[in-house]
file work_9.tsv (TSV, C-alpha atoms and all ligand atoms)
chain	number	residue	atom	x	y	z
A	1	MET	CA	-13.41	-2.45	2.61
A	2	THR	CA	-15.12	-0.06	4.99
A	3	LYS	CA	-16.36	3.27	3.68
A	4	VAL	CA	-14.94	6.39	5.31
A	5	ALA	CA	-15.71	10.07	4.78
A	6	LEU	CA	-13.05	12.75	5.23
A	7	VAL	CA	-14.31	16.00	6.69
A	8	GLY	CA	-12.29	19.24	6.42
A	9	ILE	CA	-10.30	18.92	3.21
A	10	GLY	CA	-7.24	21.07	3.91
A	11	LYS	CA	-3.53	20.60	4.43
A	12	ILE	CA	-3.44	17.46	6.56
A	13	ALA	CA	-6.34	15.74	4.78
A	14	LEU	CA	-4.59	16.11	1.42
A	15	ASP	CA	-1.00	15.57	2.65
A	16	GLN	CA	-1.66	12.47	4.76
A	17	HIS	CA	-5.24	11.15	5.08
A	18	VAL	CA	-6.04	10.79	1.36
A	19	PRO	CA	-2.83	8.85	0.55
A	20	ALA	CA	-3.13	6.71	3.70
A	21	ILE	CA	-6.69	5.69	2.81
A	22	ALA	CA	-5.78	5.12	-0.85
A	23	GLY	CA	-2.93	2.82	0.18
A	24	SER	CA	-4.99	0.79	2.64
A	25	GLY	CA	-6.79	-2.46	1.98
A	26	ASP	CA	-9.20	-1.70	4.83
A	27	TRP	CA	-10.69	1.59	3.65
A	28	GLU	CA	-12.53	3.18	0.74
A	29	LEU	CA	-12.80	6.98	0.60
A	30	ALA	CA	-16.53	7.21	-0.09
A	31	ALA	CA	-17.20	10.94	0.41
A	32	THR	CA	-15.67	14.26	1.40
A	33	VAL	CA	-17.31	17.06	3.34
A	34	SER	CA	-15.73	20.48	3.10
A	35	ARG	CA	-16.84	23.99	2.33
A	36	SER	CA	-14.30	24.31	-0.49
A	37	GLY	CA	-11.94	21.33	-0.58
A	38	THR	CA	-12.54	18.22	-2.70
A	39	VAL	CA	-10.71	15.05	-3.75
A	40	PRO	CA	-10.88	14.18	-7.47
A	41	GLY	CA	-13.30	11.31	-8.18
A	42	VAL	CA	-14.83	11.31	-4.69
A	43	PRO	CA	-18.43	12.50	-4.07
A	44	ALA	CA	-18.18	15.88	-2.36
A	45	PHE	CA	-20.59	17.43	0.14
A	46	THR	CA	-20.41	20.96	1.50
A	47	ASP	CA	-22.90	20.41	4.32
A	48	PHE	CA	-22.28	17.82	7.05
A	49	ALA	CA	-25.94	17.36	8.05
A	50	ARG	CA	-26.80	16.64	4.44
A	51	PHE	CA	-23.97	14.10	4.19
A	52	LEU	CA	-25.21	12.33	7.35
A	53	ALA	CA	-28.77	12.24	6.02
A	54	GLU	CA	-27.91	11.13	2.48
A	55	ARG	CA	-25.05	8.67	3.12
A	56	PRO	CA	-26.10	6.15	5.78
A	57	ASP	CA	-23.86	3.69	3.91
A	58	VAL	CA	-20.72	5.43	5.28
A	59	PRO	CA	-20.18	4.19	8.85
A	60	VAL	CA	-16.94	6.04	9.63
A	61	VAL	CA	-16.00	9.73	9.50
A	62	SER	CA	-12.51	11.13	9.94
A	63	LEU	CA	-12.49	14.76	11.09
A	64	CYS	CA	-9.53	16.77	9.77
A	65	MET	CA	-10.56	20.34	10.50
A	66	PRO	CA	-8.85	22.49	13.19
A	67	PRO	CA	-9.86	21.76	16.80
A	68	MET	CA	-12.17	24.74	17.39
A	69	PRO	CA	-14.95	23.75	14.96
A	70	ARG	CA	-14.43	20.00	15.37
A	71	TYR	CA	-16.66	19.28	18.40
A	72	ALA	CA	-19.94	20.09	16.64
A	73	TYR	CA	-19.04	17.75	13.77
A	74	ALA	CA	-17.98	14.96	16.13
A	75	GLU	CA	-21.12	15.25	18.22
A	76	ALA	CA	-23.38	15.19	15.14
A	77	ALA	CA	-21.55	12.18	13.72
A	78	LEU	CA	-21.74	10.19	16.97
A	79	ARG	CA	-25.44	11.03	17.38
A	80	ALA	CA	-25.93	9.74	13.83
A	81	GLY	CA	-24.35	6.42	14.89
A	82	ARG	CA	-21.07	6.89	13.01
A	83	HIS	CA	-17.64	5.84	14.24
A	84	VAL	CA	-15.37	8.89	14.53
A	85	MET	CA	-11.66	9.51	14.11
A	86	LEU	CA	-10.34	12.82	15.46
A	87	GLU	CA	-7.18	14.59	14.24
A	88	LYS	CA	-4.89	15.78	17.00
A	89	PRO	CA	-5.42	17.66	19.27
A	90	PRO	CA	-8.71	15.79	19.88
A	91	GLY	CA	-10.51	18.99	20.86
A	92	ALA	CA	-10.21	22.57	21.95
A	93	THR	CA	-10.89	21.68	25.60
A	94	VAL	CA	-10.48	18.65	27.83
A	95	ALA	CA	-14.14	18.54	28.84
A	96	GLU	CA	-15.49	18.53	25.30
A	97	VAL	CA	-13.46	15.43	24.46
A	98	GLN	CA	-14.64	13.74	27.66
A	99	ALA	CA	-18.19	14.51	26.53
A	100	LEU	CA	-17.50	12.95	23.13
A	101	ALA	CA	-16.03	9.83	24.75
A	102	ALA	CA	-19.14	9.44	26.91
A	103	LEU	CA	-21.39	9.98	23.90
A	104	ALA	CA	-19.50	7.40	21.84
A	105	GLU	CA	-19.87	4.88	24.63
A	106	ALA	CA	-23.60	5.60	24.99
A	107	GLN	CA	-24.05	5.24	21.23
A	108	GLY	CA	-22.05	2.02	21.08
A	109	VAL	CA	-19.65	3.39	18.44
A	110	THR	CA	-15.89	3.85	18.21
A	111	LEU	CA	-14.14	7.13	19.02
A	112	PHE	CA	-10.44	7.28	18.17
A	113	ALA	CA	-8.55	10.36	19.34
A	114	THR	CA	-5.49	9.96	17.14
A	115	TRP	CA	-1.95	10.98	18.03
A	116	HIS	CA	-0.02	10.51	14.80
A	117	SER	CA	3.40	11.04	16.42
A	118	ARG	CA	2.84	7.98	18.60
A	119	MET	CA	3.02	5.96	15.38
A	120	ALA	CA	6.54	7.23	14.58
A	121	ARG	CA	9.10	4.48	14.17
A	122	ALA	CA	11.16	4.90	17.35
A	123	VAL	CA	8.25	5.31	19.76
A	124	GLU	CA	7.39	1.67	20.55
A	125	PRO	CA	11.07	0.62	20.81
A	126	ALA	CA	11.71	3.57	23.16
A	127	ARG	CA	8.69	2.66	25.27
A	128	ALA	CA	9.84	-0.94	25.54
A	129	TRP	CA	13.41	0.14	26.43
A	130	LEU	CA	12.18	2.54	29.13
A	131	SER	CA	9.81	0.03	30.68
A	132	GLY	CA	11.23	-1.08	34.02
A	133	ARG	CA	13.85	1.70	34.12
A	134	THR	CA	13.75	4.79	36.36
A	135	VAL	CA	13.83	8.14	34.56
A	136	THR	CA	16.23	10.63	36.16
A	137	ARG	CA	15.88	13.47	33.61
A	138	ALA	CA	14.18	14.13	30.30
A	139	HIS	CA	14.16	17.08	27.94
A	140	ILE	CA	12.10	17.83	24.84
A	141	THR	CA	13.35	20.27	22.20
A	142	TRP	CA	10.61	20.91	19.62
A	143	ARG	CA	11.56	23.86	17.45
A	144	GLU	CA	10.10	24.44	14.01
A	145	ASP	CA	9.11	27.15	11.55
A	146	VAL	CA	5.40	28.00	11.77
A	147	ARG	CA	5.52	29.77	8.40
A	148	HIS	CA	6.66	26.54	6.73
A	149	TRP	CA	4.25	24.11	8.45
A	150	HIS	CA	1.16	26.33	8.83
A	151	PRO	CA	1.41	28.84	5.99
A	152	GLY	CA	-1.23	31.52	6.48
A	153	GLN	CA	-3.21	29.41	9.01
A	154	ASP	CA	-4.38	32.19	11.33
A	155	TRP	CA	-6.48	29.70	13.35
A	156	VAL	CA	-3.33	28.51	15.14
A	157	PHE	CA	-3.05	31.95	16.77
A	158	GLU	CA	-6.76	32.29	17.56
A	159	PRO	CA	-8.21	31.18	20.92
A	160	GLY	CA	-8.43	27.37	20.89
A	161	GLY	CA	-5.78	27.11	18.17
A	162	LEU	CA	-3.07	26.10	20.71
A	163	GLY	CA	-0.26	28.16	19.18
A	164	VAL	CA	3.10	26.41	19.56
A	165	PHE	CA	1.33	23.62	21.45
A	166	ASP	CA	-0.13	22.51	18.10
A	167	PRO	CA	3.26	20.91	17.28
A	168	GLY	CA	4.33	20.68	20.93
A	169	ILE	CA	1.42	18.37	21.75
A	170	ASN	CA	2.95	15.86	19.31
A	171	ALA	CA	6.03	15.71	21.55
A	172	LEU	CA	3.80	15.41	24.61
A	173	SER	CA	1.89	12.56	22.95
A	174	ILE	CA	5.19	10.68	22.61
A	175	LEU	CA	6.40	11.58	26.11
A	176	THR	CA	3.20	10.45	27.78
A	177	HIS	CA	3.33	7.18	25.85
A	178	ILE	CA	6.96	6.22	26.52
A	179	LEU	CA	7.57	7.30	30.13
A	180	PRO	CA	7.30	4.40	32.57
A	181	ALA	CA	5.58	6.65	35.16
A	182	PRO	CA	3.43	9.76	34.65
A	183	VAL	CA	4.69	13.31	35.27
A	184	HIS	CA	2.84	16.59	35.70
A	185	ILE	CA	3.51	20.23	34.85
A	186	THR	CA	4.98	22.31	37.68
A	187	GLY	CA	5.63	25.58	35.85
A	188	ALA	CA	5.56	27.21	32.42
A	189	GLU	CA	6.71	30.33	30.59
A	190	LEU	CA	4.64	31.22	27.56
A	191	GLU	CA	5.69	33.79	24.96
A	192	PHE	CA	2.74	35.47	23.23
A	193	PRO	CA	3.23	37.69	20.16
A	194	ALA	CA	1.80	41.11	21.08
A	195	ASN	CA	-0.86	40.80	18.35
A	196	ARG	CA	-1.90	37.16	18.95
A	197	ASP	CA	-3.93	35.07	21.43
A	198	THR	CA	-1.82	31.88	21.62
A	199	PRO	CA	1.88	31.37	22.46
A	200	ILE	CA	4.62	31.17	19.83
A	201	ALA	CA	7.09	29.67	22.32
A	202	ALA	CA	6.82	27.79	25.61
A	203	ARG	CA	9.22	26.47	28.21
A	204	LEU	CA	7.74	23.82	30.48
A	205	ALA	CA	8.88	22.24	33.75
A	206	PHE	CA	7.41	18.90	34.86
A	207	SER	CA	7.82	16.77	37.94
A	208	GLY	CA	10.58	14.15	37.86
A	209	GLY	CA	13.25	16.30	36.19
A	210	VAL	CA	11.36	16.57	32.90
A	211	SER	CA	11.40	19.79	30.85
A	212	ALA	CA	10.41	21.02	27.40
A	213	ASP	CA	11.35	23.82	25.03
A	214	PHE	CA	8.86	24.54	22.25
A	215	ASP	CA	9.52	27.30	19.72
A	216	TRP	CA	7.82	28.14	16.44
A	217	ARG	CA	10.42	30.65	15.24
A	218	GLN	CA	13.17	28.25	14.14
A	219	THR	CA	14.13	28.63	10.50
A	220	GLY	CA	16.62	26.31	8.75
A	221	PRO	CA	17.03	22.80	10.16
A	222	GLN	CA	14.12	21.83	12.40
A	223	THR	CA	14.54	20.12	15.79
A	224	TRP	CA	12.18	17.46	17.14
A	225	ASP	CA	14.16	15.70	19.90
A	226	ILE	CA	13.24	13.91	23.14
A	227	GLU	CA	16.17	12.90	25.37
A	228	VAL	CA	15.60	10.68	28.40
A	229	ASP	CA	18.23	9.73	31.02
A	230	THR	CA	17.60	6.74	33.27
A	231	ASP	CA	19.31	4.71	35.99
A	232	GLY	CA	20.28	2.29	33.23
A	233	GLY	CA	21.49	4.50	30.38
A	234	ALA	CA	20.04	7.12	28.04
A	235	VAL	CA	17.58	7.01	25.17
A	236	ALA	CA	16.88	9.74	22.62
A	237	LEU	CA	14.22	10.04	19.96
A	238	ARG	CA	15.10	12.35	17.09
A	239	MET	CA	13.29	13.48	13.94
A	240	GLY	CA	9.90	13.57	15.65
A	241	GLY	CA	10.17	10.07	17.09
A	242	ASN	CA	11.52	8.44	13.93
A	243	VAL	CA	15.15	7.88	14.95
A	244	LEU	CA	16.13	5.96	18.10
A	245	GLU	CA	19.43	6.48	19.91
A	246	ILE	CA	20.54	4.41	22.89
A	247	ASP	CA	23.54	5.68	24.85
A	248	GLY	CA	24.41	7.99	21.94
A	249	GLU	CA	24.33	5.26	19.25
A	250	THR	CA	21.64	5.24	16.58
A	251	VAL	CA	19.92	1.86	16.58
A	252	ALA	CA	17.49	0.36	14.11
A	253	GLY	CA	15.07	-0.87	16.75
A	254	GLU	CA	11.89	-2.68	15.84
A	255	ALA	CA	10.94	-0.08	13.28
A	256	SER	CA	7.37	-0.13	12.00
A	257	ILE	CA	7.21	-0.51	8.24
A	258	MET	CA	4.14	1.73	8.11
A	259	GLY	CA	4.05	5.49	8.04
A	260	GLU	CA	2.25	7.34	10.82
A	261	TYR	CA	-1.09	7.87	9.05
A	262	PRO	CA	-1.36	4.37	7.52
A	263	ALA	CA	-0.75	3.07	11.05
A	264	LEU	CA	-3.54	5.31	12.39
A	265	TYR	CA	-6.01	3.98	9.82
A	266	ALA	CA	-4.94	0.38	10.52
A	267	ARG	CA	-5.59	1.00	14.22
A	268	MET	CA	-8.99	2.56	13.47
A	269	ALA	CA	-9.93	-0.55	11.48
A	270	ARG	CA	-9.02	-2.73	14.49
A	271	LEU	CA	-10.91	-0.51	16.93
A	272	VAL	CA	-14.07	-0.61	14.81
A	273	ALA	CA	-13.78	-4.38	14.38
A	274	ASP	CA	-13.32	-4.82	18.14
A	275	GLY	CA	-16.07	-2.36	19.10
A	276	ALA	CA	-13.49	-0.40	21.11
A	277	SER	CA	-12.50	3.25	21.54
A	278	ASP	CA	-9.12	4.90	22.20
A	279	VAL	CA	-9.26	8.34	23.80
A	280	ASP	CA	-6.14	9.32	25.76
A	281	LEU	CA	-6.31	12.90	27.01
A	282	ALA	CA	-2.91	12.97	28.75
A	283	PRO	CA	-1.17	15.20	26.14
A	284	LEU	CA	-4.06	17.71	26.09
A	285	ILE	CA	-4.14	17.83	29.90
A	286	HIS	CA	-0.46	18.86	29.93
A	287	VAL	CA	-1.25	21.68	27.50
A	288	ALA	CA	-4.21	22.81	29.58
A	289	ASP	CA	-2.06	22.73	32.72
A	290	ALA	CA	0.68	24.75	31.01
A	291	MET	CA	-1.97	27.36	30.20
A	292	LEU	CA	-3.14	27.24	33.86
A	293	LEU	CA	0.35	27.71	35.30
A	294	GLY	CA	2.00	29.69	32.52
A	295	ARG	CA	3.75	32.99	33.12
A	296	ARG	CA	2.82	35.30	30.22
A	297	ILE	CA	5.67	36.99	28.35
A	298	VAL	CA	4.77	39.40	25.54
A	299	THR	CA	7.07	39.22	22.52
A	300	ASP	CA	7.30	40.70	19.00
A	301	PRO	CA	4.10	40.81	16.90
A	302	PHE	CA	3.83	37.91	14.44
A	303	HIS	CA	2.71	38.18	10.81
A	304	PHE	CA	2.73	35.32	8.28
B	401	LIG	P1	-6.24	23.65	7.62
B	401	LIG	O1	-5.68	23.22	6.30
B	401	LIG	O2	-6.15	25.09	7.98
B	401	LIG	O3	-7.75	23.25	7.78
B	401	LIG	C1	-8.27	22.01	7.36
B	401	LIG	C2	-9.67	22.19	6.80
B	401	LIG	O4	-10.59	22.36	7.86
B	401	LIG	C3	-9.83	23.41	5.94
B	401	LIG	O5	-9.40	23.16	4.65
B	401	LIG	C4	-11.30	23.70	6.06
B	401	LIG	O6	-11.96	23.11	4.97
B	401	LIG	C5	-11.70	23.08	7.36
B	401	LIG	N1	-12.04	24.16	8.29
B	401	LIG	C6	-11.26	25.17	8.72
B	401	LIG	N2	-11.93	25.98	9.56
B	401	LIG	C7	-13.17	25.46	9.65
B	401	LIG	C8	-14.33	25.85	10.34
B	401	LIG	N3	-14.35	26.94	11.11
B	401	LIG	N4	-15.43	25.08	10.22
B	401	LIG	C9	-15.41	23.97	9.45
B	401	LIG	N5	-14.33	23.56	8.74
B	401	LIG	C10	-13.24	24.30	8.85
B	401	LIG	O7	-5.56	22.83	8.81
B	401	LIG	P2	-4.62	21.57	8.80
B	401	LIG	O8	-3.21	21.99	8.75
B	401	LIG	O9	-5.09	20.57	7.81
B	401	LIG	O10	-4.87	21.05	10.29
B	401	LIG	C11	-6.08	20.47	10.68
B	401	LIG	C12	-5.83	19.60	11.88
B	401	LIG	O11	-4.83	18.64	11.55
B	401	LIG	C13	-5.31	20.36	13.10
B	401	LIG	O12	-5.88	19.86	14.27
B	401	LIG	C14	-3.82	20.09	13.06
B	401	LIG	O13	-3.24	20.12	14.37
B	401	LIG	C15	-3.79	18.70	12.49
B	401	LIG	N6	-2.51	18.39	11.82
B	401	LIG	C16	-1.96	19.26	10.93
B	401	LIG	C17	-0.71	18.99	10.37
B	401	LIG	C18	-0.05	19.93	9.36
B	401	LIG	O14	1.07	19.65	8.92
B	401	LIG	N7	-0.67	21.02	8.96
B	401	LIG	C19	-0.04	17.82	10.72
B	401	LIG	C20	-0.65	16.93	11.59
B	401	LIG	C21	-1.88	17.22	12.13
B	401	LIG	P3	-13.13	23.92	4.20
B	401	LIG	O15	-12.84	25.39	4.33
B	401	LIG	O16	-13.07	23.44	2.80
B	401	LIG	O17	-14.38	23.52	4.91

call {"tool": "encode", "arguments": {"input": "work_9.tsv", "output": "C-alpha cells", "more": "lines below"}}
Ligand code: NAP
result
Amino acid sequence: MTKVALVGIGKIALDQHVPAIAGSGDWELAATVSRSGTVPGVPAFTDFARFLAERPDVPVVSLCMPPMPRYAYAEAALRAGRHVMLEKPPGATVAEVQALAALAEAQGVTLFATWHSRMARAVEPARAWLSGRTVTRAHITWREDVRHWHPGQDWVFEPGGLGVFDPGINALSILTHILPAPVHITGAELEFPANRDTPIAARLAFSGGVSADFDWRQTGPQTWDIEVDTDGGAVALRMGGNVLEIDGETVAGEASIMGEYPALYARMARLVADGASDVDLAPLIHVADAMLLGRRIVTDPFHF
C-alpha cells in the first residue's frame, strides 16, 4: 500500500476522498494536513511545510482545498519530490496549472489533475458510441442548488472561485472527453449577483452547434444532462454522466463497477506506477474563454 496525505479536510475530503482511500487496496491514509479538519485515527498536521519536513515516508499528497489556495501547496509538494493529485478545477488559472505540469515533469514525479465526473458510469460508453460519428448538435443542462451543494462556502463567489462554473466544469470535463472532435466557445452570457464576483448562471455557445445552460438557482430536482445528436442517432448522459440513453432508450452500457473517487485513486496508483502524469486543461480553458467572451448581466444579490 502506498501512503497518501489528504490536504484540506473539508466537504469533499470527508464525503469522498476518505471513503475512497479506506476502500482501496492501493492506498493508506497516512496523514492529514488542515488548519481545522481531521480524520479520526490519522496523524494530523496543521502546517504543510512541517508535514513535508517530518513525513518523507509519504510519497503522495492529494490536495482537496478550493482552487485559489491550491497552487502554493502543489508547488511546495512537487518541489519536495511528492506525487500530487489535484481536485477539480486543477487551479485558479490556466497558466498556474501549466507551471505545475512543467514542474512535475522536471521533478520526475506524477501530477494528476483529476476530473471526477469523467469517471461517471456512462462516460466511457458514450465516448465509445460517439467515436466515428459526426456531432450535429449538443446541449448541456447543468442546474443545481448552490445552497445544498456548497452550504455557506463563500469562496465559490470570490475571485478564482469559479461561481457556477464550479459545477459546470464537471459537465465540460465530460463534454471534452466524449466529443469526437474539439469545439470552442463562441459566446457567453454570465449572470452575476449584484453583491458577488463570480457568476451564478451562464449560457454558453460553442462551435459545432454545441451549447450549455448552467444555473445554480435550481431548487427541487436537480438536472445534470448532456444531450448529443449525431449523423447516426442521439446519445444522452443524465444524472451527471451516470445514466446513458441511446435514441431515447436507457441502456446499461459497459458500466464501471467503481464509484468516481475510487476510480480516481485507482488511476492515480497506475500513474505513479507508470511514472506518468495526466493534466488535461481543456475544461478549464473553456471556462477561461467564457470569462473572456462573456456578456455581464447583473442579477439579484445572493446570500446563503
Ligand atoms: P471546502 O469544504 O470549503 O474546503 C475544503 C477545505 O479546504 C477546508 O475545509 C479548508 O480546510 C481548506 N481550505 C479552505 N480555504 C483554504 C485556504 N485559503 N487555505 C488553505 N486551506 C483552505 O470545499 P469543498 O467543497 O471540499 O471543495 C474543495 C474542492 O473540491 C473544490 O475545488 C471543489 O470544486 C471540489 N469538489 C467539491 C465538491 C462538493 O460537493 N463540495 C464535489 C467535487 C469536487 P482547513 O480550514 O481545515 O484548512

call {"tool": "atom_distance", "arguments": {"input": "work_9.tsv", "atom1": "CA of His303 (chain A)", "atom2": "CA of His286 (chain A)"}}
result
27.4 Å

call {"tool": "residues_around", "arguments": {"input": "work_9.tsv", "residues": "region 223-234 of chain A", "least_positions_apart": "6", "cutoff": "7 Å", "atoms": "only C-alpha atoms", "output": "VMD selection string"}}
result
chain A and resid 133 to 144 240 246 to 247

call {"tool": "closest_residue", "arguments": {"input": "work_9.tsv", "among": "A:Leu86, A:Leu130, A:Ala74, A:Ala276", "to": "ligand LIG 401 (chain B)", "atoms": "only C-alpha atoms and all ligand atoms"}}
result
A:Leu86

call {"tool": "residues_near_point", "arguments": {"input": "work_9.tsv", "point": "(7.9, 10.5, 26.2)", "cutoff": "9 Å", "atoms": "only C-alpha atoms", "output": "PyMOL selection string"}}
result
chain A and resi 123+126-127+138+140+171-180+226-228+237

call {"tool": "residues_around", "arguments": {"input": "work_9.tsv", "residues": "Asp300 (chain A)", "least_positions_apart": "2", "cutoff": "9 Å", "atoms": "only C-alpha atoms", "output": "JSON, numbers by chain"}}
result
{"A": [192, 193, 194, 195, 298, 302]}

call {"tool": "residues_around", "arguments": {"input": "work_9.tsv", "residues": "region 54-67 of chain A", "least_positions_apart": "6", "cutoff": "9 Å", "atoms": "all atoms listed in the file", "output": "ChimeraX atom specification"}}
result
/A:2-13,17,30-31,73-74,77,80-93,110,155-156,160-162,272

call {"tool": "closest_residue", "arguments": {"input": "work_9.tsv", "among": "A:Met1, A:Leu103, A:Ala236, A:Ala113", "to": "ligand LIG 401 (chain B)", "atoms": "only C-alpha atoms and all ligand atoms"}}
result
A:Ala113

call {"tool": "atom_distance", "arguments": {"input": "work_9.tsv", "atom1": "CA of Tyr71 (chain A)", "atom2": "atom C9 of ligand LIG 401 (chain B)"}}
result
10.2 Å

call {"tool": "closest_residue", "arguments": {"input": "work_9.tsv", "among": "A:Pro301, A:Pro283, A:Gly259, A:Gly220", "to": "Trp115 (chain A)", "atoms": "all atoms listed in the file"}}
result
A:Pro283

call {"tool": "atom_distance", "arguments": {"input": "work_9.tsv", "atom1": "CA of Arg35 (chain A)", "atom2": "CA of Tyr265 (chain A)"}}
result
24.0 Å

call {"tool": "residues_around", "arguments": {"input": "work_9.tsv", "residues": "Asp215 (chain A)", "least_positions_apart": "3", "cutoff": "12 Å", "atoms": "all atoms listed in the file", "output": "ChimeraX atom specification"}}
result
/A:140-146,163-168,189-192,199-204,212,218-219,222-224

call {"tool": "closest_residue", "arguments": {"input": "work_9.tsv", "among": "A:Thr32, A:Gln153, A:Ser131, A:Thr114", "to": "ligand LIG 401 (chain B)", "atoms": "all atoms listed in the file"}}
result
A:Gln153

call {"tool": "closest_residue", "arguments": {"input": "work_9.tsv", "among": "A:Ala99, A:Val18, A:Ala53, A:Ala188", "to": "ligand LIG 401 (chain B)", "atoms": "only C-alpha atoms and all ligand atoms"}}
result
A:Val18

call {"tool": "closest_residue", "arguments": {"input": "work_9.tsv", "among": "A:Met119, A:Ala76, A:Ala101, A:Leu29", "to": "Leu264 (chain A)", "atoms": "all atoms listed in the file"}}
result
A:Met119

call {"tool": "residues_around", "arguments": {"input": "work_9.tsv", "residues": "region 19-22 of chain A", "least_positions_apart": "2", "cutoff": "6 Å", "atoms": "all atoms listed in the file", "output": "number ranges by chain"}}
result
A: 16-17, 24, 27, 261-262

call {"tool": "write_last_selection", "arguments": {"input": "work_9.tsv", "atoms": "C-alpha atoms", "output": "mmCIF file, keeping the file's coordinate frame"}}
result
data_model
loop_
_atom_site.group_PDB
_atom_site.id
_atom_site.type_symbol
_atom_site.label_atom_id
_atom_site.label_comp_id
_atom_site.auth_asym_id
_atom_site.auth_seq_id
_atom_site.Cartn_x
_atom_site.Cartn_y
_atom_site.Cartn_z
ATOM 1 C CA GLN A 16 -1.660 12.470 4.760
ATOM 2 C CA HIS A 17 -5.240 11.150 5.080
ATOM 3 C CA SER A 24 -4.990 0.790 2.640
ATOM 4 C CA TRP A 27 -10.690 1.590 3.650
ATOM 5 C CA TYR A 261 -1.090 7.870 9.050
ATOM 6 C CA PRO A 262 -1.360 4.370 7.520
#

call {"tool": "axis_aligned_box", "arguments": {"input": "work_9.tsv", "around": "ligand LIG 401 (chain B)", "padding_each_side": "4 Å", "output": "lines of an AutoDock Vina configuration file"}}
result
center_x = -7.2
center_y = 21.9
center_z = 8.6
size_x = 24.5
size_y = 18.0
size_z = 19.6

call {"tool": "decode", "arguments": {"input": "work_9.tsv", "residues": "region 262-274 of chain A", "atoms": "N, CA and C atoms", "output": "mmCIF file, in the first residue's frame"}}
result
data_model
loop_
_atom_site.group_PDB
_atom_site.id
_atom_site.type_symbol
_atom_site.label_atom_id
_atom_site.label_comp_id
_atom_site.auth_asym_id
_atom_site.auth_seq_id
_atom_site.Cartn_x
_atom_site.Cartn_y
_atom_site.Cartn_z
ATOM 1 N N PRO A 262 -13.210 6.290 -6.052
ATOM 2 C CA PRO A 262 -12.356 5.093 -6.106
ATOM 3 C C PRO A 262 -11.663 4.954 -7.460
ATOM 4 N N ALA A 263 -12.372 5.296 -8.533
ATOM 5 C CA ALA A 263 -11.740 5.201 -9.866
ATOM 6 C C ALA A 263 -10.607 6.211 -9.998
ATOM 7 N N LEU A 264 -10.762 7.403 -9.411
ATOM 8 C CA LEU A 264 -9.665 8.388 -9.465
ATOM 9 C C LEU A 264 -8.434 7.867 -8.731
ATOM 10 N N TYR A 265 -8.640 7.270 -7.549
ATOM 11 C CA TYR A 265 -7.484 6.780 -6.793
ATOM 12 C C TYR A 265 -6.843 5.568 -7.482
ATOM 13 N N ALA A 266 -7.663 4.737 -8.142
ATOM 14 C CA ALA A 266 -7.086 3.615 -8.901
ATOM 15 C C ALA A 266 -6.234 4.167 -10.050
ATOM 16 N N ARG A 267 -6.718 5.214 -10.687
ATOM 17 C CA ARG A 267 -5.935 5.798 -11.795
ATOM 18 C C ARG A 267 -4.649 6.429 -11.270
ATOM 19 N N MET A 268 -4.723 7.101 -10.114
ATOM 20 C CA MET A 268 -3.509 7.696 -9.548
ATOM 21 C C MET A 268 -2.477 6.604 -9.242
ATOM 22 N N ALA A 269 -2.932 5.475 -8.733
ATOM 23 C CA ALA A 269 -1.997 4.377 -8.442
ATOM 24 C C ALA A 269 -1.295 3.935 -9.727
ATOM 25 N N ARG A 270 -2.054 3.845 -10.827
ATOM 26 C CA ARG A 270 -1.450 3.429 -12.110
ATOM 27 C C ARG A 270 -0.466 4.480 -12.610
ATOM 28 N N LEU A 271 -0.855 5.765 -12.500
ATOM 29 C CA LEU A 271 0.025 6.831 -12.984
ATOM 30 C C LEU A 271 1.351 6.820 -12.234
ATOM 31 N N VAL A 272 1.282 6.670 -10.907
ATOM 32 C CA VAL A 272 2.511 6.655 -10.107
ATOM 33 C C VAL A 272 3.359 5.441 -10.503
ATOM 34 N N ALA A 273 2.700 4.287 -10.643
ATOM 35 C CA ALA A 273 3.448 3.070 -11.009
ATOM 36 C C ALA A 273 4.112 3.225 -12.371
ATOM 37 N N ASP A 274 3.433 3.917 -13.283
ATOM 38 C CA ASP A 274 3.961 4.070 -14.647
ATOM 39 C C ASP A 274 4.897 5.270 -14.786
#
